[in-house]
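The structure appears below as structure tokens.
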Amino acid sequence: MAQISVVANAKTSTPKTWVLFAFDKEEGFFNAAAKVGKNLWKQIKEEGFSGKEGQAAVAHWDGQRFIVLGLGTKKELTSETLRRAGAKLARKAREVRVEGVAVEWPRLFKEEQTHAFVEGVLLGSYQFNRYRTQLKDAPKGVQKFVFKVPADLAFSTNKAIQSAQNYCEGALMARDLINGGPSDVTPRVLADAAKKLAKGLIKLKLYSTKELEKMGAGGLLGVNRGSAEPPYLIHLHYKPAGKAKKSLAIVGKGITFDSGGLSLKPAGSMETMKMDMSGAAAVLGVFSQLAKLKPNVEVHGVIATTENMPGGKAYKPGDVLKAINGKTMEVLNTDAEGRLVLADALSYAAEQKVDGIVDMATLTGACVVALGGLVTGAMTNDPKLLAEVKKSTDAEGERIWELPLVKEYKDDIKSKIADMKNIGSAGKAGSIIGGLFLEEFVGNTPWVHLDIAGPAWMDGEVSSIPYLTYGGTGLMVRSLLHLLENA
Ligand code: BES
Ligand code: MN
Ligand code: ZN
């Protein structure tokens, strides 16, 4: 990740590429000296630059290089504008092989906008290079970024930048885990990642097959049966040094590969199913930053992880599994496996007697149909907790939209032989059915379910959102860190 320093009014050596901002309909830059600005403006105006949102151009003057960014109209400026501008800068810098940039940071920008800009730079710079061997001449992108700020703003700017770096380090860790091949990122690898995080204020309990049998984690064990890799229930626990304001559990679906099991997916649908552990990756990404951010909240991170495979011992349609909370689930489709492993993870989280649970799961294709690739489906038994989550997702530019947990639809998951069945009727409210199923396992605990099936993964790029790169997005890491910090 780029190294970002804040320099207050000092005349230290700075990279010789400068970042300038312009508003649409306001000729010139508001963070350049008048004479420089005038000259540069003339140059780029000819190329069609007018300050519109999403525009970026390069110009030179007096031996210095300038990357200029359009922000749209001043009236419509939001944090998200700056997040996108930061990412646009990252893309442009890589394109023109610039590695060091400096900026005179304008007073005009608020703290959360500064935070968002830096997020954009870091997220937009991300490249997944694990499997590349020919990197020698590849442009690196922004490696060093110097912020020159007025002395009175140095402290708050530094804070905004530091938190953006923490949030993005967590999100990028999640991206790396999601993007790794499914045979490289197995349940064991997620468990090892959790082990690395367990020190200081963070403790780990790792449950493997034997313990899971004792606990009666029949959902996770059932889904695991067709796989050659062992399952784990991962429980990370962060306790702040002082008195905690409250306690939250964040729960992640950790299917490291979803073949569908015996209800096998078609080949095309399997291509990206290494991403079915994006919820788990988000939990790990969040925990990777807690020791540094030290929020005043007790946090439990619970991950149920296994592959979903069709091996000879695989669980079968018709099987009945029993979750940790004692409820029985008739399996009619082995591809609706997420809810079965989450049944155990949520039961376990509820047993921790927390004030709230937020689960993240790539649960249903139906959610992608309903909301597409940029919006998370949110469901809840507690509107207040959802409102808090929404505040944080809004602040971090991660969109969620509530789907109602229509009680009457519970009829659709009534089983003829068990407490419930794991699918509803085809083509009917698939995401809500998933949410209603999960609700059976949280008891009275306030709970928000985030179905991240769409936005956890990008099939391609969206030109207007340059901080999203192909592959795993690291969704919800930043939002959850914001939630924990503002609880
Ligand atoms: N992991 C999938 C959901 C998914 C689909 C995530 C597409 C990301 C993109 C989940 O386990 C699944 O297979 N769900 C089934 C449920 C159905 C059998 C009730 C689905 O959506 O088809
Ligand atoms: Mn599935
Ligand atoms: Zn799945």
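Residue numbering restarts at 1 for every chain of the structure tokens, chains are lettered A, B, ... in their displayed order, and ligands are numbered from 1 as they appear.
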Go through stretch 58-133 of chain A and collect every residue that DSSP, computed from the backbone, puts in alpha helix (DSSP H); the answer should be as a compact mmCIF listing (two decimals) with all heavy atoms, in the first residue's frame.
# COMPACT_ATOMS: atom_id res chain seq x y z
N SER A 79 -18.50 12.95 -0.04
CA SER A 79 -17.35 12.09 0.23
C SER A 79 -17.13 11.14 -0.94
O SER A 79 -16.00 10.85 -1.32
CB SER A 79 -17.57 11.28 1.50
OG SER A 79 -17.53 12.12 2.62
N GLU A 80 -18.23 10.64 -1.48
CA GLU A 80 -18.12 9.67 -2.57
C GLU A 80 -17.45 10.30 -3.80
O GLU A 80 -16.68 9.64 -4.50
CB GLU A 80 -19.50 9.11 -2.91
CG GLU A 80 -19.52 8.03 -3.98
CD GLU A 80 -18.75 6.75 -3.61
OE1 GLU A 80 -18.41 6.55 -2.43
OE2 GLU A 80 -18.47 5.96 -4.53
N THR A 81 -17.73 11.60 -4.05
CA THR A 81 -17.05 12.28 -5.15
C THR A 81 -15.54 12.19 -4.97
O THR A 81 -14.79 11.90 -5.90
CB THR A 81 -17.42 13.78 -5.18
OG1 THR A 81 -18.82 13.93 -5.01
CG2 THR A 81 -16.98 14.43 -6.48
N LEU A 82 -15.11 12.44 -3.74
CA LEU A 82 -13.67 12.43 -3.48
C LEU A 82 -13.08 11.03 -3.49
O LEU A 82 -11.94 10.81 -3.90
CB LEU A 82 -13.38 13.15 -2.17
CG LEU A 82 -13.36 14.66 -2.42
CD1 LEU A 82 -13.67 15.45 -1.19
CD2 LEU A 82 -12.02 15.09 -3.00
N ARG A 83 -13.87 10.05 -3.04
CA ARG A 83 -13.40 8.66 -3.08
C ARG A 83 -13.12 8.27 -4.54
O ARG A 83 -12.11 7.67 -4.86
CB ARG A 83 -14.45 7.74 -2.45
CG ARG A 83 -13.94 6.34 -2.14
CD ARG A 83 -14.96 5.52 -1.36
NE ARG A 83 -15.06 5.93 0.03
CZ ARG A 83 -16.12 6.50 0.58
NH1 ARG A 83 -17.19 6.75 -0.15
NH2 ARG A 83 -16.12 6.85 1.84
N ARG A 84 -14.05 8.65 -5.41
CA ARG A 84 -13.88 8.31 -6.83
C ARG A 84 -12.74 9.11 -7.46
O ARG A 84 -11.99 8.59 -8.29
CB ARG A 84 -15.19 8.56 -7.58
CG ARG A 84 -16.27 7.59 -7.11
CD ARG A 84 -17.61 7.82 -7.78
NE ARG A 84 -18.60 6.94 -7.17
CZ ARG A 84 -19.77 6.65 -7.68
NH1 ARG A 84 -20.13 7.17 -8.85
NH2 ARG A 84 -20.61 5.84 -7.06
N ALA A 85 -12.61 10.36 -7.04
CA ALA A 85 -11.53 11.19 -7.58
C ALA A 85 -10.17 10.62 -7.16
O ALA A 85 -9.22 10.58 -7.95
CB ALA A 85 -11.67 12.63 -7.09
N GLY A 86 -10.08 10.16 -5.92
CA GLY A 86 -8.83 9.56 -5.43
C GLY A 86 -8.46 8.34 -6.26
O GLY A 86 -7.30 8.13 -6.63
N ALA A 87 -9.47 7.53 -6.57
CA ALA A 87 -9.22 6.33 -7.36
C ALA A 87 -8.86 6.67 -8.80
O ALA A 87 -8.02 6.04 -9.42
CB ALA A 87 -10.44 5.42 -7.32
N LYS A 88 -9.51 7.72 -9.30
CA LYS A 88 -9.20 8.17 -10.66
C LYS A 88 -7.74 8.62 -10.74
O LYS A 88 -7.03 8.32 -11.70
CB LYS A 88 -10.14 9.34 -11.02
CG LYS A 88 -10.09 9.78 -12.44
CD LYS A 88 -10.89 8.84 -13.32
CE LYS A 88 -10.56 9.09 -14.79
NZ LYS A 88 -11.17 8.09 -15.66
N LEU A 89 -7.33 9.31 -9.69
CA LEU A 89 -5.93 9.74 -9.62
C LEU A 89 -5.00 8.52 -9.64
O LEU A 89 -4.01 8.49 -10.36
CB LEU A 89 -5.70 10.55 -8.34
CG LEU A 89 -4.24 10.76 -7.95
CD1 LEU A 89 -3.53 11.62 -8.98
CD2 LEU A 89 -4.14 11.39 -6.56
N ALA A 90 -5.36 7.51 -8.85
CA ALA A 90 -4.52 6.29 -8.79
C ALA A 90 -4.40 5.66 -10.17
O ALA A 90 -3.32 5.25 -10.59
CB ALA A 90 -5.13 5.29 -7.80
N ARG A 91 -5.52 5.61 -10.88
CA ARG A 91 -5.50 4.99 -12.21
C ARG A 91 -4.66 5.81 -13.19
O ARG A 91 -3.89 5.29 -13.98
CB ARG A 91 -6.93 4.86 -12.75
CG ARG A 91 -7.85 4.03 -11.89
CD ARG A 91 -7.39 2.58 -11.80
NE ARG A 91 -8.33 1.76 -11.06
CZ ARG A 91 -9.18 0.91 -11.62
NH1 ARG A 91 -9.19 0.74 -12.93
NH2 ARG A 91 -10.00 0.21 -10.88
N LYS A 92 -4.86 7.12 -13.11
CA LYS A 92 -4.14 8.01 -14.02
C LYS A 92 -2.64 7.95 -13.75
O LYS A 92 -1.82 7.89 -14.67
CB LYS A 92 -4.66 9.45 -13.83
CG LYS A 92 -4.30 10.39 -14.96
CD LYS A 92 -5.21 10.15 -16.15
CE LYS A 92 -4.72 10.86 -17.40
NZ LYS A 92 -5.46 10.37 -18.60
N ALA A 93 -2.29 7.96 -12.47
CA ALA A 93 -0.86 7.92 -12.10
C ALA A 93 -0.22 6.65 -12.64
O ALA A 93 0.89 6.68 -13.17
CB ALA A 93 -0.71 8.00 -10.59
N ARG A 94 -0.93 5.54 -12.54
CA ARG A 94 -0.36 4.30 -13.05
C ARG A 94 -0.19 4.38 -14.57
O ARG A 94 0.83 3.98 -15.12
CB ARG A 94 -1.22 3.11 -12.68
CG ARG A 94 -0.58 1.80 -13.16
CD ARG A 94 -1.36 0.57 -12.81
NE ARG A 94 -1.55 0.44 -11.38
CZ ARG A 94 -2.68 -0.01 -10.83
NH1 ARG A 94 -3.70 -0.35 -11.58
NH2 ARG A 94 -2.78 -0.12 -9.53
N GLU A 95 -1.21 4.95 -15.21
CA GLU A 95 -1.18 5.08 -16.67
C GLU A 95 0.04 5.86 -17.14
O GLU A 95 0.69 5.49 -18.11
CB GLU A 95 -2.48 5.78 -17.10
CG GLU A 95 -2.73 5.85 -18.58
CD GLU A 95 -3.95 6.75 -18.86
OE1 GLU A 95 -4.98 6.61 -18.17
OE2 GLU A 95 -3.84 7.62 -19.75
N GLU A 111 -13.19 16.61 6.95
CA GLU A 111 -12.41 15.45 7.39
C GLU A 111 -12.84 14.15 6.72
O GLU A 111 -12.02 13.35 6.26
CB GLU A 111 -12.59 15.30 8.90
CG GLU A 111 -11.29 15.35 9.67
CD GLU A 111 -11.56 15.33 11.16
OE1 GLU A 111 -11.84 16.42 11.70
OE2 GLU A 111 -11.51 14.25 11.76
N GLU A 112 -14.17 13.93 6.65
CA GLU A 112 -14.62 12.65 6.07
C GLU A 112 -14.38 12.61 4.57
O GLU A 112 -14.25 11.55 3.98
CB GLU A 112 -16.09 12.36 6.42
CG GLU A 112 -17.11 13.35 5.91
CD GLU A 112 -17.41 14.47 6.92
OE1 GLU A 112 -16.55 14.75 7.80
OE2 GLU A 112 -18.49 15.09 6.81
N GLN A 113 -14.25 13.80 3.96
CA GLN A 113 -13.94 13.83 2.53
C GLN A 113 -12.47 13.53 2.29
O GLN A 113 -12.11 12.86 1.32
CB GLN A 113 -14.34 15.19 1.95
CG GLN A 113 -15.85 15.41 1.99
CD GLN A 113 -16.28 16.80 1.58
OE1 GLN A 113 -15.52 17.77 1.69
NE2 GLN A 113 -17.53 16.93 1.14
N THR A 114 -11.64 13.99 3.20
CA THR A 114 -10.21 13.66 3.14
C THR A 114 -10.03 12.16 3.28
O THR A 114 -9.32 11.51 2.51
CB THR A 114 -9.45 14.38 4.27
OG1 THR A 114 -9.73 15.79 4.17
CG2 THR A 114 -7.96 14.14 4.17
N HIS A 115 -10.71 11.60 4.27
CA HIS A 115 -10.69 10.15 4.52
C HIS A 115 -11.10 9.40 3.23
O HIS A 115 -10.42 8.47 2.80
CB HIS A 115 -11.65 9.86 5.68
CG HIS A 115 -11.94 8.42 5.93
ND1 HIS A 115 -11.21 7.65 6.81
CD2 HIS A 115 -12.90 7.60 5.43
CE1 HIS A 115 -11.71 6.42 6.83
NE2 HIS A 115 -12.73 6.36 6.00
N ALA A 116 -12.16 9.85 2.62
CA ALA A 116 -12.68 9.16 1.42
C ALA A 116 -11.70 9.27 0.26
O ALA A 116 -11.49 8.30 -0.48
CB ALA A 116 -14.03 9.75 1.04
N PHE A 117 -11.08 10.43 0.09
CA PHE A 117 -10.12 10.61 -1.00
C PHE A 117 -8.96 9.62 -0.88
O PHE A 117 -8.58 8.95 -1.84
CB PHE A 117 -9.59 12.05 -0.99
CG PHE A 117 -8.60 12.33 -2.09
CD1 PHE A 117 -9.02 12.54 -3.40
CD2 PHE A 117 -7.24 12.38 -1.82
CE1 PHE A 117 -8.10 12.79 -4.42
CE2 PHE A 117 -6.32 12.62 -2.83
CZ PHE A 117 -6.75 12.83 -4.13
N VAL A 118 -8.45 9.50 0.33
CA VAL A 118 -7.33 8.58 0.55
C VAL A 118 -7.78 7.14 0.32
O VAL A 118 -7.06 6.32 -0.28
CB VAL A 118 -6.75 8.77 1.97
CG1 VAL A 118 -5.70 7.71 2.28
CG2 VAL A 118 -6.14 10.16 2.09
N GLU A 119 -8.98 6.82 0.76
CA GLU A 119 -9.52 5.48 0.47
C GLU A 119 -9.52 5.21 -1.03
O GLU A 119 -9.14 4.13 -1.49
CB GLU A 119 -10.95 5.34 1.00
CG GLU A 119 -11.05 5.18 2.49
CD GLU A 119 -12.48 4.91 2.94
OE1 GLU A 119 -13.44 5.31 2.24
OE2 GLU A 119 -12.65 4.30 4.00
N GLY A 120 -9.98 6.21 -1.78
CA GLY A 120 -10.03 6.05 -3.23
C GLY A 120 -8.65 5.76 -3.81
O GLY A 120 -8.49 4.87 -4.64
N VAL A 121 -7.66 6.51 -3.34
CA VAL A 121 -6.30 6.31 -3.84
C VAL A 121 -5.83 4.87 -3.55
O VAL A 121 -5.32 4.17 -4.43
CB VAL A 121 -5.31 7.31 -3.18
CG1 VAL A 121 -3.88 6.98 -3.58
CG2 VAL A 121 -5.67 8.74 -3.57
N LEU A 122 -6.06 4.43 -2.32
CA LEU A 122 -5.54 3.11 -1.92
C LEU A 122 -6.31 1.97 -2.58
O LEU A 122 -5.72 0.99 -3.06
CB LEU A 122 -5.57 2.98 -0.40
CG LEU A 122 -4.68 3.98 0.35
CD1 LEU A 122 -4.91 3.90 1.86
CD2 LEU A 122 -3.22 3.76 0.02
N LEU A 123 -7.63 2.09 -2.61
CA LEU A 123 -8.43 1.01 -3.20
C LEU A 123 -8.25 0.97 -4.71
O LEU A 123 -8.20 -0.09 -5.33
CB LEU A 123 -9.92 1.20 -2.86
CG LEU A 123 -10.29 1.16 -1.37
CD1 LEU A 123 -11.75 1.57 -1.18
CD2 LEU A 123 -10.06 -0.23 -0.78
N GLY A 124 -8.14 2.16 -5.32
CA GLY A 124 -8.00 2.23 -6.77
C GLY A 124 -6.62 1.80 -7.23
O GLY A 124 -6.41 1.49 -8.41
Env of A:Gln43: 9 Å cut, atoms = only C-alpha atoms, seq-sep filter 4 positions within chain, self excluded. Answer as a PyMOL selection string.
chain A and resi 38-39+47+59-60
Okay, now the selection with all heavy atoms, as a PDB file, in the first residue's frame?
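result.pdb, written as the output of this step:
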ATOM      1  N   LYS A  38      -3.625  29.285 -14.366  1.00  0.00           N
ATOM      2  CA  LYS A  38      -4.100  29.862 -15.612  1.00  0.00           C
ATOM      3  C   LYS A  38      -3.470  29.153 -16.812  1.00  0.00           C
ATOM      4  O   LYS A  38      -4.141  28.776 -17.779  1.00  0.00           O
ATOM      5  CB  LYS A  38      -3.738  31.351 -15.657  1.00  0.00           C
ATOM      6  CG  LYS A  38      -4.911  32.207 -16.096  1.00  0.00           C
ATOM      7  CD  LYS A  38      -4.559  33.650 -16.000  1.00  0.00           C
ATOM      8  CE  LYS A  38      -5.594  34.467 -16.774  1.00  0.00           C
ATOM      9  NZ  LYS A  38      -5.346  35.881 -16.618  1.00  0.00           N
ATOM     10  N   ASN A  39      -2.167  28.965 -16.703  1.00  0.00           N
ATOM     11  CA  ASN A  39      -1.439  28.314 -17.783  1.00  0.00           C
ATOM     12  C   ASN A  39      -1.912  26.876 -18.002  1.00  0.00           C
ATOM     13  O   ASN A  39      -2.168  26.438 -19.121  1.00  0.00           O
ATOM     14  CB  ASN A  39       0.059  28.354 -17.441  1.00  0.00           C
ATOM     15  CG  ASN A  39       0.902  27.845 -18.597  1.00  0.00           C
ATOM     16  OD1 ASN A  39       0.733  26.706 -19.021  1.00  0.00           O
ATOM     17  ND2 ASN A  39       1.775  28.694 -19.105  1.00  0.00           N
ATOM     18  N   GLU A  47      -8.090  19.999 -24.377  1.00  0.00           N
ATOM     19  CA  GLU A  47      -8.350  18.554 -24.452  1.00  0.00           C
ATOM     20  C   GLU A  47      -9.757  18.201 -23.982  1.00  0.00           C
ATOM     21  O   GLU A  47     -10.111  17.030 -23.866  1.00  0.00           O
ATOM     22  CB  GLU A  47      -7.355  17.790 -23.560  1.00  0.00           C
ATOM     23  CG  GLU A  47      -5.920  17.893 -24.008  1.00  0.00           C
ATOM     24  CD  GLU A  47      -4.962  17.331 -22.955  1.00  0.00           C
ATOM     25  OE1 GLU A  47      -5.384  16.482 -22.143  1.00  0.00           O
ATOM     26  OE2 GLU A  47      -3.811  17.773 -22.942  1.00  0.00           O
ATOM     27  N   ALA A  59      -0.941  17.676 -17.179  1.00  0.00           N
ATOM     28  CA  ALA A  59      -0.368  18.860 -17.816  1.00  0.00           C
ATOM     29  C   ALA A  59       0.999  19.153 -17.196  1.00  0.00           C
ATOM     30  O   ALA A  59       1.313  18.649 -16.105  1.00  0.00           O
ATOM     31  CB  ALA A  59      -1.302  20.055 -17.630  1.00  0.00           C
ATOM     32  N   HIS A  60       1.791  19.927 -17.885  1.00  0.00           N
ATOM     33  CA  HIS A  60       3.138  20.247 -17.387  1.00  0.00           C
ATOM     34  C   HIS A  60       3.348  21.753 -17.380  1.00  0.00           C
ATOM     35  O   HIS A  60       2.825  22.465 -18.230  1.00  0.00           O
ATOM     36  CB  HIS A  60       4.199  19.606 -18.290  1.00  0.00           C
ATOM     37  CG  HIS A  60       4.147  18.109 -18.253  1.00  0.00           C
ATOM     38  ND1 HIS A  60       3.283  17.379 -19.037  1.00  0.00           N
ATOM     39  CD2 HIS A  60       4.829  17.206 -17.513  1.00  0.00           C
ATOM     40  CE1 HIS A  60       3.439  16.088 -18.781  1.00  0.00           C
ATOM     41  NE2 HIS A  60       4.386  15.958 -17.867  1.00  0.00           N
TER      42      HIS A  60
END
Using only C-alpha atoms and all ligand atoms, which residues of chain A come within 7 Å of ligand 3, and what is the closest atom pair for each, with the distance in Å to one decimal? Give it as CSV, sorted by chain and residue number.
residue,atom,partner,partner_atom_place_in_ligand_line,distance
A:Ile255,CA,ligand 3,1 (Zn),6.3
A:Asp258,CA,ligand 3,1 (Zn),5.2
A:Asp276,CA,ligand 3,1 (Zn),5.5
A:Asp335,CA,ligand 3,1 (Zn),6.5
A:Ala336,CA,ligand 3,1 (Zn),6.6
A:Glu337,CA,ligand 3,1 (Zn),5.9
A:Gly338,CA,ligand 3,1 (Zn),5.1
A:Thr362,CA,ligand 3,1 (Zn),6.4
A:Leu363,CA,ligand 3,1 (Zn),5.9
Requested write-out: N, CA, C and O atoms of the selected residues, as a tab-separated table (two decimals), in the first residue's frame:
chain	number	residue	atom	x	y	z
A	255	ILE	N	-17.61	-20.19	2.77
A	255	ILE	CA	-17.54	-21.31	1.82
A	255	ILE	C	-16.40	-20.99	0.84
A	255	ILE	O	-16.53	-20.10	0.01
A	258	ASP	N	-17.86	-23.06	-3.63
A	258	ASP	CA	-19.23	-23.57	-3.66
A	258	ASP	C	-19.50	-24.23	-5.01
A	258	ASP	O	-19.82	-23.56	-5.99
A	276	ASP	N	-17.16	-17.23	-2.47
A	276	ASP	CA	-18.25	-17.52	-1.53
A	276	ASP	C	-17.81	-17.44	-0.07
A	276	ASP	O	-18.56	-17.78	0.83
A	335	ASP	N	-27.17	-26.88	-2.66
A	335	ASP	CA	-26.57	-25.60	-3.06
A	335	ASP	C	-27.07	-24.45	-2.18
A	335	ASP	O	-26.56	-23.35	-2.25
A	336	ALA	N	-28.06	-24.70	-1.36
A	336	ALA	CA	-28.46	-23.69	-0.37
A	336	ALA	C	-27.71	-24.02	0.92
A	336	ALA	O	-28.31	-24.29	1.97
A	337	GLU	N	-26.37	-24.02	0.81
A	337	GLU	CA	-25.51	-24.47	1.91
A	337	GLU	C	-25.17	-23.35	2.88
A	337	GLU	O	-24.89	-23.59	4.05
A	338	GLY	N	-25.19	-22.11	2.37
A	338	GLY	CA	-24.76	-20.99	3.21
A	338	GLY	C	-25.59	-20.88	4.47
A	338	GLY	O	-25.06	-20.73	5.58
A	362	THR	N	-22.54	-14.19	1.10
A	362	THR	CA	-22.88	-14.26	-0.33
A	362	THR	C	-23.94	-15.35	-0.44
A	362	THR	O	-23.66	-16.46	-0.86
A	363	LEU	N	-25.16	-14.99	-0.03
A	363	LEU	CA	-26.15	-16.04	0.24
A	363	LEU	C	-26.99	-16.46	-0.96
A	363	LEU	O	-27.23	-17.64	-1.15
Selection within 12 Å of ligand 2 by only C-alpha atoms and all ligand atoms, output as JSON, numbers by chain:
{"A": [223, 253, 254, 255, 256, 257, 258, 259, 260, 261, 262, 263, 264, 265, 266, 269, 270, 272, 273, 274, 275, 276, 277, 306, 307, 308, 309, 310, 333, 334, 335, 336, 337, 338, 339, 340, 341, 361, 362, 363, 364, 365, 366, 422, 423, 434, 453]}
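Nearest to A:Arg478 of all the residues A:Ala191, A:Val389, A:Ile234, A:Met215 is A:Val389, counting only C-alpha atoms.
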So, with only C-alpha atoms and all ligand atoms as the atoms that count, which of A:Val189, A:Ala228, A:Leu342, A:Ala194 lies closest to ligand 1?
A:Leu342
Within 12 Å of A:Lys416 using only C-alpha atoms, minus same-chain residues under 6 positions, as a list in words:
Gly318, Val320, Thr328, Met329, Glu330, Val331 and Leu332 of chain A
List the spatial neighbours of A:Ala244 as a ChimeraX atom specification - criterion: any atom at most 10 Å away, only C-alpha atoms, same-chain residues fewer than 4 positions off excluded.
/A:239-240,295-299
Store the residues picked out above, limited to N, CA and C atoms, as a compact mmCIF listing (two decimals), in the first residue's frame.
# COMPACT_ATOMS: atom_id res chain seq x y z
N LYS A 239 -11.43 -7.55 22.89
CA LYS A 239 -11.96 -6.87 24.08
C LYS A 239 -11.14 -5.61 24.30
N PRO A 240 -11.77 -4.44 24.29
CA PRO A 240 -10.98 -3.22 24.50
C PRO A 240 -10.40 -3.19 25.91
N PRO A 295 -11.33 0.26 18.89
CA PRO A 295 -12.67 0.79 19.17
C PRO A 295 -13.11 0.39 20.58
N ASN A 296 -14.08 1.14 21.09
CA ASN A 296 -14.55 0.94 22.45
C ASN A 296 -15.66 -0.09 22.56
N VAL A 297 -15.63 -1.05 21.68
CA VAL A 297 -16.69 -2.05 21.61
C VAL A 297 -16.06 -3.43 21.68
N GLU A 298 -16.76 -4.32 22.38
CA GLU A 298 -16.29 -5.71 22.37
C GLU A 298 -16.78 -6.33 21.06
N VAL A 299 -15.89 -7.03 20.36
CA VAL A 299 -16.28 -7.59 19.06
C VAL A 299 -16.00 -9.08 19.00
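Closest approach to ligand 1 among A:Ala418, A:Leu371, A:His482, A:Pro404 is made by A:Leu371 (distances from only C-alpha atoms and all ligand atoms).
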Find the nearest atom pair between each residue of stretch 252-365 of chain A and stretch 441-444 of chain A for residues within 9 Å, count only C-alpha atoms, give distances in Å to one decimal, sort rows by chain and ascending number, and present the table as JSON lines.
{"residue": "A:Ala323", "atom": "CA", "partner": "A:Phe441", "partner_atom": "CA", "distance": 8.6}
{"residue": "A:Ile324", "atom": "CA", "partner": "A:Phe441", "partner_atom": "CA", "distance": 8.9}
{"residue": "A:Asn325", "atom": "CA", "partner": "A:Phe441", "partner_atom": "CA", "distance": 6.9}
{"residue": "A:Lys327", "atom": "CA", "partner": "A:Phe441", "partner_atom": "CA", "distance": 8.3}
{"residue": "A:Leu342", "atom": "CA", "partner": "A:Phe441", "partner_atom": "CA", "distance": 8.4}
{"residue": "A:Ala343", "atom": "CA", "partner": "A:Phe441", "partner_atom": "CA", "distance": 5.7}
{"residue": "A:Asp344", "atom": "CA", "partner": "A:Phe441", "partner_atom": "CA", "distance": 7.7}
{"residue": "A:Ala345", "atom": "CA", "partner": "A:Phe441", "partner_atom": "CA", "distance": 8.7}
{"residue": "A:Leu346", "atom": "CA", "partner": "A:Phe441", "partner_atom": "CA", "distance": 5.7}
{"residue": "A:Ser347", "atom": "CA", "partner": "A:Phe441", "partner_atom": "CA", "distance": 5.1}
{"residue": "A:Tyr348", "atom": "CA", "partner": "A:Val442", "partner_atom": "CA", "distance": 8.8}
{"residue": "A:Ala349", "atom": "CA", "partner": "A:Val442", "partner_atom": "CA", "distance": 7.8}
{"residue": "A:Ala350", "atom": "CA", "partner": "A:Val442", "partner_atom": "CA", "distance": 5.5}
{"residue": "A:Glu351", "atom": "CA", "partner": "A:Val442", "partner_atom": "CA", "distance": 8.8}
{"residue": "A:Ile357", "atom": "CA", "partner": "A:Val442", "partner_atom": "CA", "distance": 8.1}
